[in-house]
Amino acid sequence: MTDETTAGAAATLGLFAAWALHDTEEVLTAPGWVRTRLPELRERWPDVPERVWRVMEGVDEREFAVAVGVMAGIVGAGAVAGWASGGRSATYQAMLNGFGLHGLLHLGQAAAVRGYTPGVATSPTLVVPFTLWARRRLRRAGVLRPTRGRDVVAGVAWAAAATVVSHGVARRIVRPGS
């Protein structure tokens, strides 16, 4: 396989590097941000089920860091699958799409709260630009799968499922028996 027929390491393994930089911002800011902003969020959106707020306030720094570590394994495996396949891996492409869409979600969250939310600083500066660049690289290599509505759903579903799994595993590690 020549470089013209593959996406290359920067576009594939770069997913993990971009994710790691982005999640560093989240690890440094999310637990404290939630702790200080939760009362205001509850007041602003009273129709959100109380269970959601309890879950948010129940995640401490240690559990969040472990969840990020679990996610590192998931994203790392996807990036390696992308690299090994020259960017052709459906899993890698779904993760790449999910990563970019997750960046847009951060921007939407910041707009909704009219201010900073964890992850929003690196979303327009790293997450979205990297995703667009990597997709262009995949397209030039001729390996980008056509994007259909179901691909967007798959990307969002991947990101949501990976988040749920990461936090579930972290909770079991940090709080055995809960």
# chains A, B, ... in the order shown; residues from 1 in each chain; ligands from 1

$ closest_atom_pairs --of "region 87-128 of chain A" --to "region 4-20 of chain A" --cutoff "8 Å" --atoms "only C-alpha atoms" --output "tab-separated table"
residue	atom	partner	partner_atom	distance
A:Gly87	CA	A:Ala7	CA	5.0
A:Arg88	CA	A:Thr6	CA	7.9
A:Tyr92	CA	A:Thr12	CA	7.7
A:Leu96	CA	A:Leu15	CA	6.9
A:Phe99	CA	A:Trp19	CA	7.7
A:Leu126	CA	A:Ala18	CA	6.8
A:Val127	CA	A:Ala18	CA	6.7

$ closest_atom_pairs --of "region 80-122 of chain A" --to "region 26-42 of chain A" --cutoff "9 Å" --atoms "only C-alpha atoms" --output "JSON lines"
{"residue": "A:Val113", "atom": "CA", "partner": "A:Leu41", "partner_atom": "CA", "distance": 8.0}
{"residue": "A:Thr117", "atom": "CA", "partner": "A:Trp33", "partner_atom": "CA", "distance": 7.5}
{"residue": "A:Pro118", "atom": "CA", "partner": "A:Glu26", "partner_atom": "CA", "distance": 5.2}
{"residue": "A:Gly119", "atom": "CA", "partner": "A:Glu26", "partner_atom": "CA", "distance": 5.3}
{"residue": "A:Val120", "atom": "CA", "partner": "A:Glu26", "partner_atom": "CA", "distance": 8.9}

$ write_last_selection --atoms "all heavy atoms" --output "PDB file, in the first residue's frame"
ATOM      1  N   VAL A 113     -25.297  27.230  27.916  1.00  0.00           N
ATOM      2  CA  VAL A 113     -25.042  27.818  29.236  1.00  0.00           C
ATOM      3  C   VAL A 113     -24.489  29.232  29.134  1.00  0.00           C
ATOM      4  O   VAL A 113     -24.255  29.876  30.143  1.00  0.00           O
ATOM      5  CB  VAL A 113     -24.091  26.948  30.109  1.00  0.00           C
ATOM      6  CG1 VAL A 113     -24.650  25.563  30.316  1.00  0.00           C
ATOM      7  CG2 VAL A 113     -22.697  26.901  29.554  1.00  0.00           C
ATOM      8  N   THR A 117     -17.791  25.659  29.056  1.00  0.00           N
ATOM      9  CA  THR A 117     -18.091  24.305  29.517  1.00  0.00           C
ATOM     10  C   THR A 117     -16.842  23.468  29.255  1.00  0.00           C
ATOM     11  O   THR A 117     -16.100  23.739  28.300  1.00  0.00           O
ATOM     12  CB  THR A 117     -19.301  23.685  28.778  1.00  0.00           C
ATOM     13  OG1 THR A 117     -19.046  23.677  27.374  1.00  0.00           O
ATOM     14  CG2 THR A 117     -20.583  24.435  29.085  1.00  0.00           C
ATOM     15  N   PRO A 118     -16.575  22.467  30.083  1.00  0.00           N
ATOM     16  CA  PRO A 118     -15.376  21.652  29.895  1.00  0.00           C
ATOM     17  C   PRO A 118     -15.329  21.041  28.492  1.00  0.00           C
ATOM     18  O   PRO A 118     -16.287  20.431  28.038  1.00  0.00           O
ATOM     19  CB  PRO A 118     -15.519  20.570  30.972  1.00  0.00           C
ATOM     20  CG  PRO A 118     -16.319  21.237  32.044  1.00  0.00           C
ATOM     21  CD  PRO A 118     -17.315  22.082  31.299  1.00  0.00           C
ATOM     22  N   GLY A 119     -14.219  21.238  27.823  1.00  0.00           N
ATOM     23  CA  GLY A 119     -14.025  20.710  26.484  1.00  0.00           C
ATOM     24  C   GLY A 119     -14.251  21.711  25.377  1.00  0.00           C
ATOM     25  O   GLY A 119     -13.888  21.462  24.226  1.00  0.00           O
ATOM     26  N   VAL A 120     -14.827  22.856  25.700  1.00  0.00           N
ATOM     27  CA  VAL A 120     -15.160  23.813  24.633  1.00  0.00           C
ATOM     28  C   VAL A 120     -13.933  24.564  24.120  1.00  0.00           C
ATOM     29  O   VAL A 120     -13.913  24.977  22.960  1.00  0.00           O
ATOM     30  CB  VAL A 120     -16.276  24.783  25.058  1.00  0.00           C
ATOM     31  CG1 VAL A 120     -15.774  25.856  26.015  1.00  0.00           C
ATOM     32  CG2 VAL A 120     -16.925  25.406  23.838  1.00  0.00           C
TER      33      VAL A 120
END

$ closest_residue --among "A:Ala84, A:Ala154, A:Val169, A:Ala112" --to "Trp45 (chain A)" --atoms "only C-alpha atoms"
A:Ala112

$ closest_residue --among "A:Pro129, A:Pro124, A:Pro49, A:Ala162" --to "Ala72 (chain A)" --atoms "only C-alpha atoms"
A:Ala162

$ select_by_dssp --residues "region 9-162 of chain A" --states "helix (DSSP H, G or I)" --output "ChimeraX atom specification"
/A:9-44,50-58,61-84,90-113,123-140,149-162

$ residues_around --residues "Val152 (chain A)" --least-positions-apart "2" --cutoff "12 Å" --atoms "only C-alpha atoms" --output "ChimeraX atom specification"
/A:93-102,145-150,154-159

$ atom_distance --atom1 "CA of Val52 (chain A)" --atom2 "CA of Leu105 (chain A)"
17.5 Å

$ atom_distance --atom1 "CA of Val174 (chain A)" --atom2 "CA of Ala67 (chain A)"
9.8 Å
